[in-house]
$ cat coords-v1.cif   # mmCIF, C-alpha atoms
data_query
loop_
_atom_site.label_atom_id
_atom_site.label_comp_id
_atom_site.auth_asym_id
_atom_site.auth_seq_id
_atom_site.Cartn_x
_atom_site.Cartn_y
_atom_site.Cartn_z
CA MET A 27 95.55 130.96 95.35
CA SER A 28 92.92 133.69 95.75
CA SER A 29 89.39 133.33 94.41
CA LEU A 30 90.16 135.96 91.75
CA GLN A 31 93.22 134.04 90.58
CA GLN A 32 91.22 130.81 90.52
CA SER A 33 88.50 132.48 88.45
CA LEU A 34 91.04 133.88 85.99
CA THR A 35 92.78 130.52 85.74
CA HIS A 36 89.51 128.71 85.03
CA LEU A 37 88.58 131.39 82.50
CA LEU A 38 91.91 130.97 80.70
CA LEU A 39 92.01 127.16 80.83
CA GLY A 40 88.41 126.55 79.83
CA ASP A 41 87.74 122.81 79.58
CA LEU A 42 91.38 122.09 80.53
CA ALA A 43 90.45 123.00 84.11
CA GLN A 44 88.32 119.82 84.23
CA VAL A 45 90.86 117.31 82.92
CA SER A 46 93.59 115.44 84.80
CA GLN A 47 96.89 117.12 85.60
CA PRO A 48 98.96 114.99 83.17
CA VAL A 49 96.57 115.79 80.30
CA ARG A 50 96.60 119.50 81.16
CA GLN A 51 100.40 119.63 81.30
CA ARG A 52 100.69 117.75 78.01
CA MET A 53 98.32 120.22 76.33
CA LEU A 54 100.00 123.31 77.77
CA ALA A 55 103.41 122.01 76.71
CA THR A 56 102.34 122.63 73.09
CA VAL A 57 101.94 126.39 73.61
CA PRO A 58 105.58 127.63 73.89
CA THR A 59 107.14 127.93 70.44
CA THR A 60 110.38 126.24 69.44
CA PRO A 61 113.55 128.34 69.17
CA LEU A 62 113.47 128.01 65.35
CA SER A 63 109.87 129.22 65.00
CA LEU A 64 110.50 132.03 67.50
CA ALA A 65 113.56 133.13 65.53
CA PHE A 66 111.61 133.04 62.25
CA TYR A 67 108.74 135.05 63.73
CA SER A 68 111.12 137.57 65.33
CA VAL A 69 113.08 138.17 62.13
CA THR A 70 109.88 138.50 60.08
CA LEU A 71 108.34 141.01 62.50
CA LEU A 72 111.50 143.12 62.73
CA VAL A 73 111.88 143.15 58.93
CA ILE A 74 108.26 144.37 58.57
CA CYS A 75 108.81 147.07 61.21
CA ALA A 76 112.12 148.17 59.67
CA THR A 77 110.55 148.29 56.20
CA THR A 78 107.74 150.42 57.60
CA VAL A 79 110.23 152.85 59.11
CA TYR A 80 112.00 153.12 55.74
CA ILE A 81 108.87 153.57 53.61
CA THR A 82 107.34 156.18 55.95
CA GLY A 83 110.56 158.13 56.11
CA GLY A 84 110.99 157.50 59.81
CA GLN A 85 107.56 158.55 61.08
CA PRO A 86 107.38 158.58 64.94
CA TRP A 87 104.68 155.92 65.08
CA ALA A 88 106.82 153.61 62.89
CA TRP A 89 109.80 154.01 65.23
CA ILE A 90 107.53 153.40 68.24
CA TRP A 91 106.25 150.21 66.62
CA PHE A 92 109.79 149.07 65.84
CA GLY A 93 111.05 149.83 69.36
CA LEU A 94 108.06 148.27 71.12
CA SER A 95 108.24 145.13 69.00
CA SER A 96 111.99 144.80 69.68
CA CYS A 97 111.49 145.08 73.45
CA LEU A 98 108.63 142.57 73.48
CA LEU A 99 110.57 140.08 71.36
CA LEU A 100 113.58 140.43 73.66
CA TRP A 101 111.33 139.81 76.68
CA ARG A 102 109.76 136.79 74.96
CA SER A 103 113.13 135.25 74.07
CA LEU A 104 114.70 135.83 77.51
CA LEU A 105 111.91 134.14 79.49
CA PRO A 106 112.68 130.50 78.52
CA THR A 107 116.43 131.14 78.63
CA LEU A 108 116.31 132.43 82.21
CA ALA A 109 113.96 129.59 83.21
CA ARG A 110 116.39 126.96 81.87
CA ARG A 111 119.26 128.51 83.82
CA ARG A 112 117.18 128.29 87.00
CA GLY A 113 116.17 124.73 86.17
CA ASP A 114 112.48 125.74 85.92
CA ARG A 115 109.86 125.15 83.27
CA PRO A 116 109.26 127.94 80.74
CA PRO A 117 106.84 130.46 82.35
CA LEU A 118 103.71 129.93 80.28
CA LEU A 119 101.86 133.03 81.53
CA GLY A 120 104.86 135.30 80.88
CA ILE A 121 105.40 133.84 77.41
CA MET A 122 101.76 134.28 76.45
CA THR A 123 101.64 137.82 77.87
CA SER A 124 104.72 138.98 75.95
CA ALA A 125 103.54 137.24 72.77
CA GLY A 126 100.03 138.67 73.13
CA LEU A 127 101.34 142.21 73.59
CA SER A 128 103.61 141.76 70.58
CA MET A 129 100.65 140.72 68.45
CA ALA A 130 98.56 143.59 69.78
CA SER A 131 101.33 146.00 68.77
CA PHE A 132 101.23 144.39 65.32
CA GLY A 133 97.57 145.38 65.12
CA PHE A 134 98.51 148.96 66.02
CA GLY A 135 101.21 149.03 63.33
CA SER A 136 98.83 147.59 60.74
CA ALA A 137 96.20 150.25 61.48
CA GLU A 138 98.75 153.05 61.11
CA SER A 139 100.04 151.50 57.88
CA ILE A 140 96.51 151.47 56.44
CA ALA A 141 96.08 155.11 57.43
CA THR A 142 99.06 156.10 55.22
CA GLY A 143 97.25 154.88 52.10
CA ASP A 144 100.50 153.36 50.82
CA ILE A 145 99.59 150.18 48.98
CA ALA A 146 102.92 148.52 49.79
CA LEU A 147 102.56 149.17 53.53
CA ILE A 148 98.93 148.05 53.52
CA THR A 149 99.83 144.80 51.75
CA ILE A 150 102.78 144.07 54.04
CA SER A 151 100.92 144.86 57.28
CA LEU A 152 97.73 142.95 56.44
CA SER A 153 99.69 139.94 55.18
CA GLY A 154 101.69 139.95 58.41
CA THR A 155 98.53 140.30 60.51
CA MET A 156 96.86 137.32 58.87
CA GLY A 157 100.04 135.30 59.23
CA VAL A 158 100.15 136.07 62.96
CA ILE A 159 96.51 135.05 63.37
CA ALA A 160 97.05 131.81 61.44
CA GLY A 161 100.01 131.02 63.70
CA LEU A 162 97.82 131.49 66.77
CA ALA A 163 95.42 128.84 65.49
CA THR A 164 98.11 126.19 65.79
CA ARG A 165 100.50 127.43 68.52
CA TRP A 166 97.76 128.37 71.00
CA ALA A 167 95.25 125.64 70.16
CA ALA A 168 95.55 124.30 73.71
CA LEU A 169 94.04 127.57 75.00
CA PRO A 170 91.43 128.60 72.42
CA ARG A 171 89.97 131.37 74.60
CA ALA A 172 93.31 133.12 74.86
CA ALA A 173 93.98 132.52 71.16
CA VAL A 174 90.65 133.98 70.01
CA ALA A 175 90.93 136.95 72.38
CA THR A 176 94.42 137.72 71.01
CA MET A 177 93.11 137.39 67.45
CA ILE A 178 90.44 139.97 68.19
CA VAL A 179 92.90 142.39 69.80
CA THR A 180 95.28 141.99 66.85
CA VAL A 181 92.78 142.37 64.02
CA ALA A 182 90.47 144.97 65.58
CA PRO A 183 92.70 148.07 64.93
CA PRO A 184 93.23 147.42 61.19
CA VAL A 185 89.57 146.45 60.69
CA ILE A 186 88.39 149.62 62.42
CA MET A 187 90.81 151.67 60.32
CA LEU A 188 89.53 150.04 57.12
CA ILE A 189 85.92 150.78 58.08
CA SER A 190 86.81 154.40 58.80
CA GLN A 191 88.28 154.68 55.28
CA GLY A 192 84.89 153.85 53.79
CA GLY A 193 84.20 152.64 50.26
CA ALA A 194 85.92 149.45 49.13
CA HIS A 195 87.92 149.43 52.35
CA MET A 196 84.76 148.43 54.21
CA LEU A 197 84.43 145.38 51.98
CA ALA A 198 88.02 144.46 52.84
CA ALA A 199 87.14 144.80 56.54
CA VAL A 200 84.21 142.40 56.10
CA VAL A 201 86.39 139.84 54.29
CA ILE A 202 89.11 140.04 56.97
CA THR A 203 86.51 139.63 59.72
CA PHE A 204 85.05 136.58 57.98
CA VAL A 205 88.53 135.02 57.60
CA VAL A 206 89.32 135.61 61.28
CA ILE A 207 86.02 134.00 62.32
CA SER A 208 86.90 130.99 60.16
CA ILE A 209 90.37 130.75 61.73
CA ALA A 210 88.87 131.06 65.22
CA THR A 211 86.46 128.23 64.43
CA PHE A 212 89.38 126.12 63.18
CA THR A 213 91.24 126.89 66.43
CA LYS A 214 88.33 125.54 68.48
CA HIS A 215 88.12 122.35 66.40
CA ASN A 216 91.90 121.95 66.52
CA HIS A 217 91.74 122.22 70.31
CA GLU A 218 89.02 119.57 70.53
CA ASN A 219 90.99 117.18 68.31
CA MET A 220 94.20 117.73 70.30
CA LEU A 221 92.43 117.21 73.62
CA THR A 222 90.78 114.00 72.41
CA ALA A 223 94.13 112.64 71.20
CA VAL A 224 95.99 113.56 74.40
CA MET A 225 93.25 112.10 76.61
CA ALA A 226 93.33 108.86 74.60
CA GLU A 227 97.12 108.75 74.96
CA ASP A 228 96.83 109.32 78.71
CA LEU A 229 94.20 106.59 79.02
CA HIS A 230 96.40 104.09 77.18
CA ARG A 231 99.33 105.00 79.40
CA ARG A 232 97.27 104.56 82.57
CA LEU A 233 95.87 101.25 81.37
CA ALA A 234 99.41 100.03 80.75
CA GLN A 235 100.66 101.18 84.16
CA THR A 236 97.75 100.76 86.56
CA ASP A 237 95.44 98.07 87.86
CA ASN A 238 92.01 98.54 86.27
CA LEU A 239 90.04 97.66 89.39
CA THR A 240 91.85 99.61 92.11
CA GLY A 241 93.77 102.27 90.19
CA LEU A 242 96.99 101.22 91.93
CA ALA A 243 100.24 100.57 90.07
CA ASN A 244 100.33 97.21 88.31
CA ARG A 245 103.22 94.74 88.30
CA ALA A 246 104.96 96.36 85.32
CA GLN A 247 104.84 99.80 86.92
CA LEU A 248 105.94 98.38 90.29
CA LEU A 249 109.00 96.77 88.71
CA LYS A 250 109.82 100.07 87.02
CA HIS A 251 109.70 101.87 90.38
CA MET A 252 111.71 99.12 92.08
CA THR A 253 114.38 99.19 89.38
CA SER A 254 114.75 102.94 89.86
CA ALA A 255 114.84 102.57 93.65
CA CYS A 256 117.44 99.79 93.44
CA ALA A 257 119.64 101.98 91.26
CA ASP A 258 119.59 104.58 94.05
CA LEU A 259 120.54 102.16 96.85
CA PRO A 260 123.67 102.83 98.92
CA ARG A 261 126.48 100.51 97.89
CA GLY A 262 129.47 100.44 100.20
CA ALA A 263 130.31 102.50 103.23
CA THR A 264 131.26 105.60 101.25
CA VAL A 265 128.33 105.71 98.81
CA THR A 266 125.13 107.37 99.93
CA GLY A 267 121.68 106.41 98.71
CA ARG A 268 118.11 105.74 99.75
CA ARG A 269 117.12 102.52 101.49
CA PHE A 270 113.63 101.10 101.14
CA ALA A 271 111.48 98.26 102.35
CA VAL A 272 109.20 95.93 100.40
CA LEU A 273 105.92 95.00 102.11
CA TYR A 274 104.22 91.99 100.52
CA ILE A 275 100.54 91.93 101.59
CA ASP A 276 98.09 89.09 101.15
CA LEU A 277 94.47 89.16 102.34
CA ASP A 278 93.21 86.54 104.80
CA GLY A 279 89.69 85.24 104.27
CA PHE A 280 89.22 86.85 100.88
CA LYS A 281 88.24 83.64 99.08
CA ALA A 282 85.31 83.22 101.49
CA VAL A 283 84.03 86.69 100.50
CA ASN A 284 83.97 85.73 96.83
CA ASP A 285 82.35 82.35 97.57
CA ARG A 286 79.60 83.72 99.85
CA HIS A 287 78.86 87.15 98.38
CA GLY A 288 80.05 86.98 94.78
CA HIS A 289 82.83 88.59 92.84
CA ALA A 290 81.22 92.04 92.88
CA ALA A 291 81.52 92.07 96.67
CA GLY A 292 85.09 90.81 96.35
CA ASP A 293 85.93 93.65 93.95
CA GLU A 294 84.52 96.18 96.40
CA VAL A 295 86.67 94.74 99.19
CA LEU A 296 89.77 95.02 97.00
CA GLN A 297 88.97 98.65 96.24
CA ARG A 298 88.57 99.43 99.94
CA VAL A 299 91.80 97.65 100.75
CA ALA A 300 93.55 99.76 98.11
CA ASP A 301 92.20 102.92 99.75
CA CYS A 302 93.40 101.69 103.15
CA LEU A 303 96.89 101.04 101.80
CA LEU A 304 97.11 104.47 100.17
CA ARG A 305 96.01 106.23 103.37
CA THR A 306 98.30 104.19 105.63
CA ALA A 307 101.43 104.23 103.45
CA GLY A 308 101.09 107.89 102.54
CA PRO A 309 101.01 109.73 99.18
CA GLU A 310 104.79 109.57 98.66
CA GLN A 311 105.00 105.76 98.68
CA VAL A 312 104.36 103.33 95.82
CA VAL A 313 101.38 101.01 96.29
CA ALA A 314 100.67 98.25 93.76
CA ARG A 315 98.32 95.33 93.20
CA ILE A 316 100.16 92.43 91.58
CA GLY A 317 97.63 89.60 91.84
CA GLY A 318 94.10 88.73 92.90
CA ASP A 319 94.43 89.74 96.56
CA GLU A 320 98.15 90.45 96.67
CA PHE A 321 99.51 93.98 97.16
CA ILE A 322 102.96 95.54 97.45
CA VAL A 323 103.98 98.70 99.29
CA LEU A 324 107.42 100.27 98.77
CA LEU A 325 108.53 102.31 101.77
CA GLN A 326 111.33 104.74 101.02
CA ASP A 327 113.94 105.46 103.72
CA ALA A 328 112.56 102.66 105.93
CA ASP A 329 114.50 100.44 108.30
CA ALA A 330 113.22 97.23 109.93
CA LEU A 331 111.51 99.08 112.79
CA THR A 332 109.71 101.52 110.48
CA ALA A 333 108.68 98.77 108.08
CA ARG A 334 107.22 96.64 110.89
CA ALA A 335 105.36 99.63 112.31
CA VAL A 336 103.77 100.49 108.97
CA ALA A 337 102.95 96.83 108.32
CA ASP A 338 101.19 96.59 111.68
CA GLU A 339 99.21 99.75 110.86
CA ILE A 340 98.16 98.20 107.56
CA ILE A 341 96.97 95.04 109.33
CA LEU A 342 94.89 97.12 111.77
CA ALA A 343 93.43 99.25 108.96
CA ILE A 344 92.38 96.27 106.84
CA SER A 345 91.38 93.76 109.53
CA ARG A 346 87.91 95.05 110.25
CA GLU A 347 84.33 94.69 109.10
CA HIS A 348 83.58 96.13 105.68
CA ARG A 349 79.98 97.17 105.10
CA PHE A 350 78.54 97.10 101.59
CA SER A 351 75.86 99.35 100.13
CA THR A 352 73.41 96.46 100.66
CA ASP A 353 74.11 96.61 104.44
CA ARG A 354 75.90 93.27 104.33
CA THR A 355 79.17 93.12 106.23
CA VAL A 356 82.26 90.99 105.71
CA ARG A 357 85.48 90.71 107.63
CA VAL A 358 88.87 90.15 106.07
CA GLY A 359 92.36 90.33 107.48
CA CYS A 360 95.83 90.39 106.03
CA SER A 361 99.37 89.17 106.56
CA VAL A 362 102.54 91.05 105.63
CA GLY A 363 105.99 89.85 104.61
CA VAL A 364 108.83 92.36 104.78
CA CYS A 365 112.17 92.51 102.98
CA LEU A 366 114.73 95.32 103.35
CA ALA A 367 116.92 96.82 100.65
CA PRO A 368 119.89 96.79 100.38
CA ASP A 369 120.46 94.56 103.44
CA GLN A 370 118.40 91.68 102.05
CA GLY A 371 118.62 92.26 98.31
CA HIS A 372 119.69 94.66 95.58
CA ASP A 373 117.35 93.80 92.70
CA PRO A 374 113.55 93.70 92.30
CA GLU A 375 113.28 89.94 91.68
CA THR A 376 115.25 89.03 94.79
CA LEU A 377 113.45 91.52 97.01
CA LEU A 378 109.99 90.39 95.85
CA ALA A 379 110.88 86.70 96.22
CA ARG A 380 112.19 87.20 99.75
CA ALA A 381 109.25 89.35 100.81
CA ASP A 382 106.97 86.62 99.42
CA ALA A 383 108.94 84.00 101.40
CA ALA A 384 108.52 86.06 104.57
CA LEU A 385 104.79 86.24 103.87
CA TYR A 386 104.66 82.46 103.38
CA ASP A 387 106.23 81.98 106.81
CA VAL A 388 103.66 84.32 108.36
CA LYS A 389 100.81 82.35 106.78
CA ASN A 390 102.22 79.10 108.16
CA GLN A 391 102.48 80.60 111.63
CA GLY A 392 98.85 81.62 111.88
CA LYS A 393 98.28 84.67 109.66
CA GLY A 394 97.33 88.18 110.69
CA HIS A 395 100.77 89.49 111.59
CA THR A 396 104.06 90.75 110.15
CA GLY A 397 107.17 88.75 109.31
CA LEU A 398 110.63 89.92 108.28
CA TRP A 399 112.58 87.79 105.80
CA ARG A 400 115.36 85.81 107.40
CA ALA A 401 118.16 84.03 105.56
CA ILE A 402 118.69 80.34 106.23
CA SER A 403 121.91 81.17 108.03
CA ASP A 404 119.91 83.37 110.44
CA GLY A 405 117.97 80.26 111.47
#

$ encode --input "coords-v1.cif" --output "structure tokens"
Amino acid sequence: MSSLQQSLTHLLLGDLAQVSQPVRQRMLATVPTTPLSLAFYSVTLLVICATTVYITGGQPWAWIWFGLSSCLLLWRSLLPTLARRRGDRPPLLGIMTSAGLSMASFGFGSAESIATGDIALITISLSGTMGVIAGLATRWAALPRAAVATMIVTVAPPVIMLISQGGAHMLAAVVITFVVISIATFTKHNHENMLTAVMAEDLHRRLAQTDNLTGLANRAQLLKHMTSACADLPRGATVTGRRFAVLYIDLDGFKAVNDRHGHAAGDEVLQRVADCLLRTAGPEQVVARIGGDEFIVLLQDADALTARAVADEIILAISREHRFSTDRTVRVGCSVGVCLAPDQGHDPETLLARADAALYDVKNQGKGHTGLWRAISDG
């Protein structure tokens, strides 16, 4: 993305550019209108344009307004339809552009209606303009800058036309301007309330799914991932699927860190171990903390050789001196038990139990290395 595009994106998003991606997506998902509201808006706009054509006796500007509005509405309605056929998300920028141009054309039509002096046209156009602006306050609350800018573009032509008429029309222009300012202020407050609610929802979701100390997945989230992965396992010679490995990791010497340096030092070690696991496993793999110093890594598409190699890398990454901000250093190690799916289990409980059993064997044999689960019959 070029620097100009980045600048425009930040200008459009405003404070949404600073929030997390899930919060931003949740906010932006509120912008596209539902098919019912789009149909209602489209019918209303076309009825206003058609009425204007009839009352003016088919003036060229009225036909231009009708034709332009029809084309923009068609564009606006086709965008989500074509996106669904391609399996894509509705194009937010295209939707907002077509809708913004449609509203700007409404401002043009309203100004021309005021210029006719026909009280019926003036009433219809100004009522429609205020309805459009009120709709922006709710539909585009996620992007208040775009909403307010579109309000200004929509209301400016009729307000300028009213001012040019002089007399009582100027008072009407002042009242309309005041109302638009009030709606714009409401849009800003509505945005702030929505953002606060969505951020609170995201925080609750993350607290329910992640470990507070390390930010890794917690046990509940791990089991959810494992259940999904188990459902995608190959079953039988003719059924394809994705294999995976479960790496059960337990730190060696961690209790001594807590005893000698305190729990704050122990928490810092756990956070550094979490970082090591994320870097070693890679961004596509699931890493979880399920106990005090117990971690799980799910390796997709991994056989025994790959799982052992990654486990050995994890041991090397963790088994080193860790220096604290106070210049104290501690050394911890780790042991890893490995279980393979589907060869050694098809469900989360079995796979975790067998990986834990493999880890137990490693601990009994001297710690600091990797062990693959073996059935009793493998003796």

$ resolve_selection --input "coords-v1.cif" --expression "the PyMOL selection byres ((chain A and resi 372) around 12)" --output "JSON, numbers by chain"
{"A": [252, 253, 254, 255, 256, 257, 258, 259, 260, 261, 268, 269, 270, 271, 272, 365, 366, 367, 368, 369, 370, 371, 373, 374, 375, 376, 377, 378, 379, 380]}

$ write_last_selection --input "coords-v1.cif" --atoms "C-alpha atoms" --output "PDB file, in the frame of the given file"
ATOM      1  CA  MET A 252     111.710  99.120  92.080  1.00  0.00           C
ATOM      2  CA  THR A 253     114.380  99.190  89.380  1.00  0.00           C
ATOM      3  CA  SER A 254     114.750 102.940  89.860  1.00  0.00           C
ATOM      4  CA  ALA A 255     114.840 102.570  93.650  1.00  0.00           C
ATOM      5  CA  CYS A 256     117.440  99.790  93.440  1.00  0.00           C
ATOM      6  CA  ALA A 257     119.640 101.980  91.260  1.00  0.00           C
ATOM      7  CA  ASP A 258     119.590 104.580  94.050  1.00  0.00           C
ATOM      8  CA  LEU A 259     120.540 102.160  96.850  1.00  0.00           C
ATOM      9  CA  PRO A 260     123.670 102.830  98.920  1.00  0.00           C
ATOM     10  CA  ARG A 261     126.480 100.510  97.890  1.00  0.00           C
ATOM     11  CA  ARG A 268     118.110 105.740  99.750  1.00  0.00           C
ATOM     12  CA  ARG A 269     117.120 102.520 101.490  1.00  0.00           C
ATOM     13  CA  PHE A 270     113.630 101.100 101.140  1.00  0.00           C
ATOM     14  CA  ALA A 271     111.480  98.260 102.350  1.00  0.00           C
ATOM     15  CA  VAL A 272     109.200  95.930 100.400  1.00  0.00           C
ATOM     16  CA  CYS A 365     112.170  92.510 102.980  1.00  0.00           C
ATOM     17  CA  LEU A 366     114.730  95.320 103.350  1.00  0.00           C
ATOM     18  CA  ALA A 367     116.920  96.820 100.650  1.00  0.00           C
ATOM     19  CA  PRO A 368     119.890  96.790 100.380  1.00  0.00           C
ATOM     20  CA  ASP A 369     120.460  94.560 103.440  1.00  0.00           C
ATOM     21  CA  GLN A 370     118.400  91.680 102.050  1.00  0.00           C
ATOM     22  CA  GLY A 371     118.620  92.260  98.310  1.00  0.00           C
ATOM     23  CA  ASP A 373     117.350  93.800  92.700  1.00  0.00           C
ATOM     24  CA  PRO A 374     113.550  93.700  92.300  1.00  0.00           C
ATOM     25  CA  GLU A 375     113.280  89.940  91.680  1.00  0.00           C
ATOM     26  CA  THR A 376     115.250  89.030  94.790  1.00  0.00           C
ATOM     27  CA  LEU A 377     113.450  91.520  97.010  1.00  0.00           C
ATOM     28  CA  LEU A 378     109.990  90.390  95.850  1.00  0.00           C
ATOM     29  CA  ALA A 379     110.880  86.700  96.220  1.00  0.00           C
ATOM     30  CA  ARG A 380     112.190  87.200  99.750  1.00  0.00           C
TER      31      ARG A 380
END

$ closest_residue --input "coords-v1.cif" --among "A:Leu99, A:Thr70, A:Asn216, A:Ala234" --to "Gly157 (chain A)" --atoms "only C-alpha atoms"
A:Thr70

$ closest_residue --input "coords-v1.cif" --among "A:Leu273, A:Met196, A:Leu72, A:Leu104" --to "Ile121 (chain A)" --atoms "all atoms listed in the file"
A:Leu104

$ resolve_selection --input "coords-v1.cif" --expression "the PyMOL selection byres ((chain A and resi 122-126) around 10)" --output "ChimeraX atom specification"
/A:57-58,95,97-103,105,117-121,127-132,162,166,172-173,175-177,179-180

$ residues_around --input "coords-v1.cif" --residues "Val73 (chain A)" --least-positions-apart "4" --cutoff "12 Å" --atoms "all atoms listed in the file" --output "PyMOL selection string"
chain A and resi 66-69+77-80+91-92+95-96+150-151+154

$ closest_residue --input "coords-v1.cif" --among "A:Val313, A:Met156, A:Leu62, A:Ala210" --to "Leu325 (chain A)" --atoms "all atoms listed in the file"
A:Val313

$ resolve_selection --input "coords-v1.cif" --expression "the PyMOL selection byres ((chain A and resi 358) around 6)" --output "VMD selection string"
chain A and resid 278 to 279 345 357 359

$ atom_distance --input "coords-v1.cif" --atom1 "CA of Ser361 (chain A)" --atom2 "CA of Ile340 (chain A)"
9.2 Å

$ residues_around --input "coords-v1.cif" --residues "region 384-395 of chain A" --least-positions-apart "3" --cutoff "6 Å" --atoms "only C-alpha atoms" --output "mmCIF file with C-alpha atoms, in the frame of the given file"
data_model
loop_
_atom_site.group_PDB
_atom_site.id
_atom_site.type_symbol
_atom_site.label_atom_id
_atom_site.label_comp_id
_atom_site.auth_asym_id
_atom_site.auth_seq_id
_atom_site.Cartn_x
_atom_site.Cartn_y
_atom_site.Cartn_z
ATOM 1 C CA CYS A 360 95.830 90.390 106.030
ATOM 2 C CA SER A 361 99.370 89.170 106.560
ATOM 3 C CA VAL A 362 102.540 91.050 105.630
ATOM 4 C CA GLY A 363 105.990 89.850 104.610
ATOM 5 C CA ALA A 381 109.250 89.350 100.810
ATOM 6 C CA LEU A 398 110.630 89.920 108.280
ATOM 7 C CA TRP A 399 112.580 87.790 105.800
#

$ closest_residue --input "coords-v1.cif" --among "A:Leu324, A:Arg231, A:Gly292, A:Asp237" --to "His251 (chain A)" --atoms "all atoms listed in the file"
A:Leu324

$ residues_around --input "coords-v1.cif" --residues "region 39-50 of chain A" --least-positions-apart "2" --cutoff "7 Å" --atoms "only C-alpha atoms" --output "list in words"
Thr35, His36, Leu37, Arg52, Met53, Leu54, Leu169, Val224, Met225 and Asp228 of chain A

$ atom_distance --input "coords-v1.cif" --atom1 "CA of Thr155 (chain A)" --atom2 "CA of Val206 (chain A)"
10.4 Å

$ residues_around --input "coords-v1.cif" --residues "Phe212 (chain A)" --least-positions-apart "4" --cutoff "10 Å" --atoms "only C-alpha atoms" --output "ChimeraX atom specification"
/A:160,163-164,167,170,206-208,216-218

$ closest_residue --input "coords-v1.cif" --among "A:Ile140, A:Ile90, A:Gly241, A:Gly308" --to "Gln326 (chain A)" --atoms "only C-alpha atoms"
A:Gly308

$ atom_distance --input "coords-v1.cif" --atom1 "CA of Ala343 (chain A)" --atom2 "CA of Val299 (chain A)"
8.5 Å

$ closest_residue --input "coords-v1.cif" --among "A:Arg112, A:Lys250, A:His230, A:Arg165" --to "Thr56 (chain A)" --atoms "all atoms listed in the file"
A:Arg165

$ residues_around --input "coords-v1.cif" --residues "Ile189 (chain A)" --least-positions-apart "5" --cutoff "12 Å" --atoms "all atoms listed in the file" --output "list in words"
Ala137, Ile140, Ala141, Ala182, Pro183, Pro184, Ala194, His195, Met196, Leu197, Ala198, Ala199, Val200, Val201, Ile202 and Thr203 of chain A
